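S.K.: After the structure tokens below, expect a handful of questions from me.
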Amino acid sequence: MRIISIDTGSSTSIYSLLRVCCFMLFVTLSGGCLYAPPAGATRGVVEIKNLRLYDDPDLYMSHGILTGVAIGEHTVLTAAHAFLYDPEPGHPLKMNGHAIDYSIIGDGWSGNRRHREPGDKQVVDEDIQGDYLFLHIAEPILDYAQLEPLEFERVDDLRNLTLVSRRSGSDEVVAIPMKIWLIDDNRKYIIISLSEKKRSGLRLSGSPLIGVYTDGTLVLAGIANATGNVSAMTDKGTTLLEDQIFILPAYRIPFDLITEP
């Protein structure tokens with residue numbers, strides 16, 4: 001798989017890539033018939049709204065609202081580009097429409113957010129790999145998900161992946177079964193495809209990709225954080241796949257940062 005071009009027109013709150021290193025990888029294709037989302041796949045999926053980004057006309061407004069997943073009674077995981085600049089204490093956030101008291105447990109972009117001019121959406125490969133944000137929420141979250149983070153050694157055990165997201169302007173949680181997914185040989189990314197019709201109105205950034213292992217364990221495979229075009233080399237030749245969604249795999253997210261009280 002080789003990233004050869006980048007889509008800059010994202011209206012679904014996925015962080016668009018403009019600069020990534022080109023490299024050649026082979027991919028594993030998985031998939032099968034459509035299925036019902038596994039039990040518990042939609043639990044704990046929340047909307048995170050950054051009031052300052054959303055209300056600032058000089059910033060790309062779709063970055064102001066992301067999806068997250070509550071993975072504990074006080075812990076929410078979303079994408080680091082919820083903040084396009086390191087937040088100061090008291091930076092306002094809303095979760096599911098309500099102002100929240102929170103602290104940052106882990107931020108993959110902390111101290112590394114470069115200055116961005118209005119409308120600048122350029123991201124390098126290192127940004128994608130660090131695009132995670134753990135928030136500690138003061139008020140207990142009752143409907144949190146109970147998920148095992150995907151292990152690097154168990155990628156081949158994944159079955160029945162489902163992208164779970166929030167629809168803009170409503171409380172609706174949307175679960176979309178994946179027919180096919182791609183995983184590069186170095187396992188840096190999981191890549192999925194979603195038609196414009198299916199992704200319309202969804203807040204895809206930070207959306208969890210949920211799967212199951214062959215033994216039935218519910219798994220957090222990763223979170224959505226970017227879009228781009230890839231050239232996939234398979235046994236049938238090279239195929240250009242446009243406007244793909246990049247998933248940061250859970251085994252590249254440092255869950256050991258979490259300490260529940």
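Letters A, B, ... go to the chains of the structure tokens in the order shown; residues in each chain start at 1; ligands are counted from 1 in the same order.
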Find the residues near Ala138 of chain A: any atom within 10 Å, counting only C-alpha atoms, skip ones fewer than 5 places away on the same chain, and give them as a list of chain:residue names.
M.R.: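 Answer for this query is A:Glu73, A:His74, A:Thr75, A:Ile100, A:Asp101, A:Tyr102, A:Ser103.
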S.K.: Could you write out that same residue set with N, CA and C atoms as a PDB file, in the first residue's frame?
M.R.:
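Wrote part-v8.pdb, looks like this:
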```
ATOM      1  N   GLU A  73     -15.627   4.361  33.642  1.00  0.00           N
ATOM      2  CA  GLU A  73     -16.616   5.203  34.313  1.00  0.00           C
ATOM      3  C   GLU A  73     -16.250   6.685  34.253  1.00  0.00           C
ATOM      4  N   HIS A  74     -14.955   6.977  34.119  1.00  0.00           N
ATOM      5  CA  HIS A  74     -14.517   8.378  34.072  1.00  0.00           C
ATOM      6  C   HIS A  74     -13.585   8.661  32.895  1.00  0.00           C
ATOM      7  N   THR A  75     -13.486   7.765  31.939  1.00  0.00           N
ATOM      8  CA  THR A  75     -12.476   7.906  30.887  1.00  0.00           C
ATOM      9  C   THR A  75     -13.085   7.889  29.499  1.00  0.00           C
ATOM     10  N   ILE A 100     -18.604  19.907  30.633  1.00  0.00           N
ATOM     11  CA  ILE A 100     -18.020  18.892  31.505  1.00  0.00           C
ATOM     12  C   ILE A 100     -16.786  19.438  32.219  1.00  0.00           C
ATOM     13  N   ASP A 101     -16.565  18.909  33.415  1.00  0.00           N
ATOM     14  CA  ASP A 101     -15.306  19.117  34.117  1.00  0.00           C
ATOM     15  C   ASP A 101     -14.412  17.940  33.765  1.00  0.00           C
ATOM     16  N   TYR A 102     -13.215  18.221  33.309  1.00  0.00           N
ATOM     17  CA  TYR A 102     -12.353  17.149  32.834  1.00  0.00           C
ATOM     18  C   TYR A 102     -10.893  17.500  33.071  1.00  0.00           C
ATOM     19  N   SER A 103     -10.067  16.496  32.994  1.00  0.00           N
ATOM     20  CA  SER A 103      -8.624  16.685  32.945  1.00  0.00           C
ATOM     21  C   SER A 103      -8.081  15.776  31.856  1.00  0.00           C
TER      22      SER A 103
END
```
S.K.: Set out as a Markdown table a contact list for segment 72-141 of chain A and segment 236-260 of chain A with a cut-off of 12 Å, giving each residue of segment 72-141 of chain A that qualifies its closest atom pair and distance in Å to one decimal, counting only C-alpha atoms, ordered by chain and rising residue number.
M.R.:
```
| residue | atom | partner | partner_atom | distance |
| --- | --- | --- | --- | --- |
| A:Gly72 | CA | A:Glu260 | CA | 7.7 |
| A:Glu73 | CA | A:Glu260 | CA | 7.9 |
| A:His74 | CA | A:Glu260 | CA | 7.0 |
| A:Thr75 | CA | A:Glu260 | CA | 7.7 |
| A:Val76 | CA | A:Ile258 | CA | 10.1 |
| A:Leu77 | CA | A:Phe255 | CA | 9.7 |
| A:Thr78 | CA | A:Leu248 | CA | 10.8 |
| A:Ala79 | CA | A:Leu248 | CA | 9.3 |
| A:Ala80 | CA | A:Leu248 | CA | 11.4 |
| A:Ser103 | CA | A:Ile258 | CA | 11.9 |
| A:Ile104 | CA | A:Ile258 | CA | 10.3 |
| A:Ile105 | CA | A:Leu257 | CA | 6.7 |
| A:Gly106 | CA | A:Leu257 | CA | 6.4 |
| A:Asp107 | CA | A:Pro254 | CA | 9.9 |
| A:Gly108 | CA | A:Ile253 | CA | 8.6 |
| A:Asp125 | CA | A:Leu248 | CA | 11.4 |
| A:Glu126 | CA | A:Leu248 | CA | 11.5 |
| A:Asp127 | CA | A:Leu248 | CA | 10.8 |
| A:Ile128 | CA | A:Leu248 | CA | 7.3 |
| A:Gln129 | CA | A:Leu248 | CA | 6.6 |
| A:Gly130 | CA | A:Ile253 | CA | 7.9 |
| A:Asp131 | CA | A:Leu248 | CA | 7.5 |
| A:Tyr132 | CA | A:Ile253 | CA | 6.9 |
| A:Leu133 | CA | A:Ile253 | CA | 9.1 |
| A:Phe134 | CA | A:Ile258 | CA | 7.8 |
| A:Leu135 | CA | A:Ile258 | CA | 9.3 |
| A:His136 | CA | A:Glu260 | CA | 8.5 |
| A:Ile137 | CA | A:Glu260 | CA | 10.5 |
| A:Ala138 | CA | A:Glu260 | CA | 11.1 |
| A:Pro140 | CA | A:Glu260 | CA | 11.0 |
```
S.K.: Enumerate, as a list in words, the complete set of residues in segment 24-210 of chain A that a backbone-based DSSP assignment places in alpha helix (DSSP H).
M.R.: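 Assigned to alpha helix (DSSP H), within segment 24-210 of chain A: Leu51, Arg52, Leu53, Tyr54, Asp55, Asp125, Glu126, Asp127, Ile128, Gln129, Glu196, Lys197, Lys198 and Arg199 of chain A.
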S.K.: Mind dumping a table of every segment 164-220 of chain A residue within 9 Å of segment 45-54 of chain A, with the nearest atom pair and its distance in Å to one decimal, using only C-alpha atoms, sorted by chain and rising number, as CSV?
M.R.:
```
residue,atom,partner,partner_atom,distance
A:Val164,CA,A:Val45,CA,7.5
A:Ser165,CA,A:Val45,CA,7.0
A:Arg166,CA,A:Glu47,CA,6.6
A:Arg167,CA,A:Glu47,CA,8.9
A:Ser168,CA,A:Glu47,CA,8.9
A:Asp171,CA,A:Glu47,CA,8.6
A:Val173,CA,A:Val45,CA,7.1
A:Arg203,CA,A:Glu47,CA,8.1
A:Ser207,CA,A:Val45,CA,7.9
A:Pro208,CA,A:Val45,CA,8.0
```
S.K.: Can I get the selection written as a CSV table (one decimal), in the first residue's frame, with all heavy atoms?
M.R.:
```
chain,number,residue,atom,x,y,z
A,164,VAL,N,-18.5,2.7,14.6
A,164,VAL,CA,-19.6,3.3,15.4
A,164,VAL,C,-19.3,4.8,15.6
A,164,VAL,O,-18.2,5.2,16.0
A,164,VAL,CB,-19.6,2.7,16.8
A,164,VAL,CG1,-20.9,3.2,17.6
A,164,VAL,CG2,-19.7,1.1,16.7
A,165,SER,N,-20.3,5.6,15.2
A,165,SER,CA,-20.1,7.1,15.2
A,165,SER,C,-21.4,7.8,15.7
A,165,SER,O,-22.4,7.1,16.0
A,165,SER,CB,-19.8,7.5,13.8
A,165,SER,OG,-19.4,8.9,13.8
A,166,ARG,N,-21.3,9.1,15.8
A,166,ARG,CA,-22.5,9.9,16.2
A,166,ARG,C,-22.9,10.7,15.0
A,166,ARG,O,-22.1,11.2,14.2
A,166,ARG,CB,-22.1,10.8,17.3
A,166,ARG,CG,-21.8,10.2,18.6
A,166,ARG,CD,-23.0,9.6,19.3
A,166,ARG,NE,-23.9,10.7,19.7
A,166,ARG,CZ,-24.2,11.0,20.9
A,166,ARG,NH1,-23.8,10.2,21.9
A,166,ARG,NH2,-25.1,12.0,21.2
A,167,ARG,N,-24.2,10.9,14.9
A,167,ARG,CA,-24.8,11.7,13.8
A,167,ARG,C,-24.9,13.2,14.3
A,167,ARG,O,-25.4,13.5,15.4
A,167,ARG,CB,-26.1,11.2,13.3
A,167,ARG,CG,-26.6,11.9,12.0
A,167,ARG,CD,-27.8,11.2,11.5
A,167,ARG,NE,-27.6,9.8,11.1
A,167,ARG,CZ,-26.9,9.4,10.0
A,167,ARG,NH1,-26.4,10.3,9.2
A,167,ARG,NH2,-26.8,8.1,9.7
A,168,SER,N,-24.5,14.1,13.4
A,168,SER,CA,-24.5,15.5,13.7
A,168,SER,C,-25.9,16.0,14.0
A,168,SER,O,-26.9,15.7,13.3
A,168,SER,CB,-23.9,16.3,12.6
A,168,SER,OG,-24.0,17.7,12.8
A,171,ASP,N,-28.9,12.8,18.9
A,171,ASP,CA,-28.3,11.8,19.8
A,171,ASP,C,-28.1,10.5,19.2
A,171,ASP,O,-27.8,9.5,19.9
A,171,ASP,CB,-29.3,11.7,21.1
A,171,ASP,CG,-29.4,13.0,21.8
A,171,ASP,OD1,-28.5,13.8,21.8
A,171,ASP,OD2,-30.5,13.2,22.4
A,173,VAL,N,-26.7,7.2,17.6
A,173,VAL,CA,-25.5,6.5,17.5
A,173,VAL,C,-25.6,5.6,16.3
A,173,VAL,O,-26.6,4.8,16.2
A,173,VAL,CB,-25.1,5.7,18.7
A,173,VAL,CG1,-23.9,4.9,18.5
A,173,VAL,CG2,-24.9,6.6,19.9
A,203,ARG,N,-20.0,12.4,12.6
A,203,ARG,CA,-18.8,13.0,13.2
A,203,ARG,C,-17.7,11.9,13.3
A,203,ARG,O,-17.6,11.3,14.4
A,203,ARG,CB,-19.1,13.7,14.5
A,203,ARG,CG,-20.1,14.8,14.4
A,203,ARG,CD,-19.6,15.9,13.6
A,203,ARG,NE,-20.6,17.1,13.6
A,203,ARG,CZ,-20.4,18.2,12.9
A,203,ARG,NH1,-19.3,18.3,12.2
A,203,ARG,NH2,-21.3,19.1,13.0
A,207,SER,N,-14.1,8.3,16.1
A,207,SER,CA,-15.1,7.2,16.1
A,207,SER,C,-14.4,5.9,16.4
A,207,SER,O,-13.4,5.6,15.7
A,207,SER,CB,-15.9,7.2,14.8
A,207,SER,OG,-16.7,8.3,14.7
A,208,PRO,N,-14.9,5.0,17.3
A,208,PRO,CA,-14.3,3.7,17.5
A,208,PRO,C,-14.6,2.7,16.4
A,208,PRO,O,-15.7,2.7,15.9
A,208,PRO,CB,-14.9,3.3,18.9
A,208,PRO,CG,-16.2,4.0,18.9
A,208,PRO,CD,-16.1,5.3,18.2
```
S.K.: List the neighbours of Ser193 of chain A out to 12 Å using only C-alpha atoms; skip same-chain residues closer than 6 positions along the sequence, and give me the result as a ChimeraX atom specification.
M.R.: /A:161-163,176-182,199,224,226-230,241-247
S.K.: What's the 7 Å shell around segment 146-154 of chain A, counting only C-alpha atoms, without same-chain residues fewer than 5 positions away, as number ranges by chain?
M.R.: A: 71, 218-221, 250-251
S.K.: Pull N, CA and C atoms from the residues just selected and write them as an mmCIF file, in the first residue's frame.
M.R.:
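Final output, saved to out30.cif:
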```cif
data_model
loop_
_atom_site.group_PDB
_atom_site.id
_atom_site.type_symbol
_atom_site.label_atom_id
_atom_site.label_comp_id
_atom_site.auth_asym_id
_atom_site.auth_seq_id
_atom_site.Cartn_x
_atom_site.Cartn_y
_atom_site.Cartn_z
ATOM 1 N N ILE A 71 -14.527 4.529 27.788
ATOM 2 C CA ILE A 71 -13.982 3.185 27.995
ATOM 3 C C ILE A 71 -13.838 2.866 29.484
ATOM 4 N N LEU A 218 -15.206 -8.823 22.877
ATOM 5 C CA LEU A 218 -15.469 -7.537 22.244
ATOM 6 C C LEU A 218 -14.194 -6.697 22.278
ATOM 7 N N VAL A 219 -13.807 -6.150 21.119
ATOM 8 C CA VAL A 219 -12.487 -5.540 20.958
ATOM 9 C C VAL A 219 -12.605 -4.113 20.419
ATOM 10 N N LEU A 220 -11.831 -3.195 21.003
ATOM 11 C CA LEU A 220 -11.655 -1.871 20.408
ATOM 12 C C LEU A 220 -10.488 -1.980 19.435
ATOM 13 N N ALA A 221 -10.783 -1.973 18.145
ATOM 14 C CA ALA A 221 -9.728 -2.115 17.139
ATOM 15 C C ALA A 221 -8.927 -0.831 16.979
ATOM 16 N N ALA A 250 -5.588 0.277 18.161
ATOM 17 C CA ALA A 250 -5.587 0.411 19.615
ATOM 18 C C ALA A 250 -4.247 0.021 20.227
ATOM 19 N N TYR A 251 -3.505 -0.899 19.583
ATOM 20 C CA TYR A 251 -2.226 -1.298 20.165
ATOM 21 C C TYR A 251 -1.164 -0.208 20.008
#
```
S.K.: Between atom CA of Asp157 of chain A and atom CA of Asn186 of chain A, what is the distance, to one decimal in Å?
M.R.: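 Rounded to one decimal, the two atoms are 16.4 Å apart.
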S.K.: From segment 74-112 of chain A, collect each residue whose DSSP state is strand (DSSP E or B) and return the set as an MDAnalysis selection string.
M.R.: chainID A and resid 75:78 93:95 98:99 102:107
S.K.: Check the smallest atom-to-atom distance from each of A:Ala39, A:Leu93, A:Leu158, A:Ile192 to Tyr213 of chain A using only C-alpha atoms, then report the winner.
M.R.: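 Smallest distance to Tyr213 of chain A is found for A:Leu158.
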